[in-house]
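*Asks:* Here it is, the structure in full.
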Amino acid sequence: MVCNKKHGPGNFGKVYLALYNFVQFLGWSYILLLVIIHILSNKCYIGVWKFVQFPVQIFQSLALLEVVNCVGVPMLLVAWSIAEITRYLYYALTLYNFCPWLLVWCRYSLFVVLYPTGVTGEILTMLTAFPYIRDRQMLSILLPNRANFSFHFHYVLIAILLSYIPFFPQLFGHLWKQRCRVLSPVKNKEQ
């Protein structure tokens, strides 16, 4: 997929991506050097994996960041869409007392994957937008003005980002309790 270059990463994003790519360049150059050294010194390729296994695991694992580097907004949009489709269909069908068990299970189970995915997408989107918002003073009120009041929206973003630390575990725990309550087998109270 080709993205419009006008909406590329901001300064922070460019520095991060440049650093990431440079680290990967150095890592894979090092791995290639190790492979060449091993083959030249042993006159064969046998045992080369054991010689380069650890750095390959490190730099190949770092490649997982490439998924995150490009999917902030799509990641949250897919998670939100699936969650909302499931939720609204569930609400609509329960109004008529007709809700298949699979939909109930999806409504109270998909959050295990969708909630962390959506939150990660939200955080990545805010972090990507932060330098742009801060540098352009978007949605901010600057002094001097008649009210003698200033407001910096990028500080609100910082507060929102920090709020994920205490609130994510609480909300996830609440959703888990709801799941257990709805999906657990009904206990026979007549004994």
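Labels for the structure tokens follow display order: chains A, B, ..., residues from 1 in each chain, ligands from 1.
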Please list as a list in words every residue within 10 Å of Leu161 in chain A, counting only C-alpha atoms and excluding residues in the same chain fewer than 5 positions away.

*Replies:* Glu122, Ile123, Leu124, Met126, Leu127, Tyr155 and Val156 of chain A

*Asks:* What is the distance between CA of Val35 in chain A and CA of Leu17 in chain A, in Å to one decimal?

*Replies:*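 Separating CA of Val35 in chain A from CA of Leu17 in chain A is a distance of 26.7 Å.
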
*Asks:* Taking only C-alpha atoms into account, which of A:Trp28, A:Phe22, A:Trp176, A:Phe149 comes nearest Ser109 in chain A?

*Replies:* A:Trp176

*Asks:* I'd like to know which of A:Val23, A:Ala92, A:Ile133, A:Val182 is closest to Val104 in chain A, using only C-alpha atoms.

*Replies:* A:Val182

*Asks:* Find the spatial neighbours of Phe111 in chain A, counting only C-alpha atoms, within a cut-off of 12 Å - ignore same-chain residues fewer than 5 positions away - and output them as a PyMOL selection string.

*Replies:* chain A and resi 79-84+86-87+105-106+116-119+171-176+178-179

*Asks:* Using N, CA, C and O atoms, can you write the selected residues to a file as an mmCIF file, in the first residue's frame?

*Replies:*
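Output file selection-v9.cif follows:
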```
data_model
loop_
_atom_site.group_PDB
_atom_site.id
_atom_site.type_symbol
_atom_site.label_atom_id
_atom_site.label_comp_id
_atom_site.auth_asym_id
_atom_site.auth_seq_id
_atom_site.Cartn_x
_atom_site.Cartn_y
_atom_site.Cartn_z
ATOM 1 N N ALA A 79 -9.907 -2.607 15.287
ATOM 2 C CA ALA A 79 -10.354 -3.055 16.614
ATOM 3 C C ALA A 79 -11.684 -2.406 16.990
ATOM 4 O O ALA A 79 -12.610 -3.081 17.460
ATOM 5 N N TRP A 80 -11.774 -1.086 16.795
ATOM 6 C CA TRP A 80 -13.022 -0.388 17.120
ATOM 7 C C TRP A 80 -14.172 -0.932 16.284
ATOM 8 O O TRP A 80 -15.266 -1.162 16.792
ATOM 9 N N SER A 81 -13.940 -1.098 14.975
ATOM 10 C CA SER A 81 -15.015 -1.549 14.078
ATOM 11 C C SER A 81 -15.547 -2.919 14.481
ATOM 12 O O SER A 81 -16.764 -3.119 14.564
ATOM 13 N N ILE A 82 -14.662 -3.855 14.720
ATOM 14 C CA ILE A 82 -15.106 -5.199 15.109
ATOM 15 C C ILE A 82 -15.858 -5.148 16.436
ATOM 16 O O ILE A 82 -16.914 -5.766 16.591
ATOM 17 N N ALA A 83 -15.331 -4.382 17.388
ATOM 18 C CA ALA A 83 -15.995 -4.263 18.693
ATOM 19 C C ALA A 83 -17.378 -3.642 18.554
ATOM 20 O O ALA A 83 -18.348 -4.125 19.154
ATOM 21 N N GLU A 84 -17.485 -2.588 17.762
ATOM 22 C CA GLU A 84 -18.770 -1.899 17.632
ATOM 23 C C GLU A 84 -19.781 -2.716 16.825
ATOM 24 O O GLU A 84 -20.970 -2.724 17.154
ATOM 25 N N THR A 86 -19.978 -5.945 16.702
ATOM 26 C CA THR A 86 -20.430 -6.992 17.624
ATOM 27 C C THR A 86 -21.376 -6.421 18.675
ATOM 28 O O THR A 86 -22.435 -6.985 18.956
ATOM 29 N N ARG A 87 -21.008 -5.280 19.235
ATOM 30 C CA ARG A 87 -21.801 -4.679 20.306
ATOM 31 C C ARG A 87 -23.184 -4.270 19.821
ATOM 32 O O ARG A 87 -24.199 -4.590 20.459
ATOM 33 N N TRP A 105 -21.003 -14.886 23.034
ATOM 34 C CA TRP A 105 -19.614 -15.217 23.327
ATOM 35 C C TRP A 105 -18.673 -14.169 22.717
ATOM 36 O O TRP A 105 -17.741 -13.701 23.383
ATOM 37 N N CYS A 106 -18.919 -13.785 21.470
ATOM 38 C CA CYS A 106 -18.084 -12.764 20.806
ATOM 39 C C CYS A 106 -18.168 -11.434 21.549
ATOM 40 O O CYS A 106 -17.153 -10.774 21.773
ATOM 41 N N PRO A 116 -6.837 -4.432 24.031
ATOM 42 C CA PRO A 116 -5.413 -4.059 24.001
ATOM 43 C C PRO A 116 -4.965 -3.562 22.611
ATOM 44 O O PRO A 116 -4.152 -2.646 22.519
ATOM 45 N N THR A 117 -5.506 -4.152 21.553
ATOM 46 C CA THR A 117 -5.151 -3.718 20.203
ATOM 47 C C THR A 117 -5.615 -2.289 19.958
ATOM 48 O O THR A 117 -4.860 -1.460 19.441
ATOM 49 N N GLY A 118 -6.843 -1.992 20.318
ATOM 50 C CA GLY A 118 -7.369 -0.644 20.137
ATOM 51 C C GLY A 118 -6.620 0.382 20.965
ATOM 52 O O GLY A 118 -6.288 1.468 20.484
ATOM 53 N N VAL A 119 -6.337 0.051 22.220
ATOM 54 C CA VAL A 119 -5.594 0.971 23.090
ATOM 55 C C VAL A 119 -4.192 1.215 22.534
ATOM 56 O O VAL A 119 -3.709 2.350 22.504
ATOM 57 N N LEU A 171 -10.367 -1.046 33.616
ATOM 58 C CA LEU A 171 -11.395 -1.293 32.610
ATOM 59 C C LEU A 171 -11.335 -2.719 32.079
ATOM 60 O O LEU A 171 -12.359 -3.371 31.893
ATOM 61 N N PHE A 172 -10.117 -3.208 31.868
ATOM 62 C CA PHE A 172 -9.961 -4.584 31.387
ATOM 63 C C PHE A 172 -10.499 -5.560 32.432
ATOM 64 O O PHE A 172 -11.196 -6.516 32.103
ATOM 65 N N GLY A 173 -10.188 -5.300 33.702
ATOM 66 C CA GLY A 173 -10.695 -6.138 34.786
ATOM 67 C C GLY A 173 -12.211 -6.123 34.864
ATOM 68 O O GLY A 173 -12.848 -7.161 35.095
ATOM 69 N N HIS A 174 -12.804 -4.950 34.670
ATOM 70 C CA HIS A 174 -14.272 -4.838 34.671
ATOM 71 C C HIS A 174 -14.867 -5.659 33.533
ATOM 72 O O HIS A 174 -15.859 -6.381 33.731
ATOM 73 N N LEU A 175 -14.280 -5.552 32.350
ATOM 74 C CA LEU A 175 -14.765 -6.334 31.209
ATOM 75 C C LEU A 175 -14.621 -7.832 31.475
ATOM 76 O O LEU A 175 -15.490 -8.626 31.111
ATOM 77 N N TRP A 176 -13.533 -8.210 32.113
ATOM 78 C CA TRP A 176 -13.315 -9.636 32.421
ATOM 79 C C TRP A 176 -14.374 -10.140 33.399
ATOM 80 O O TRP A 176 -14.891 -11.242 33.248
ATOM 81 N N GLN A 178 -17.400 -8.949 33.759
ATOM 82 C CA GLN A 178 -18.649 -9.067 33.002
ATOM 83 C C GLN A 178 -18.670 -10.356 32.202
ATOM 84 O O GLN A 178 -19.683 -11.044 32.136
ATOM 85 N N ARG A 179 -17.529 -10.671 31.582
ATOM 86 C CA ARG A 179 -17.423 -11.894 30.780
ATOM 87 C C ARG A 179 -17.707 -13.114 31.653
ATOM 88 O O ARG A 179 -18.479 -13.997 31.281
#
```
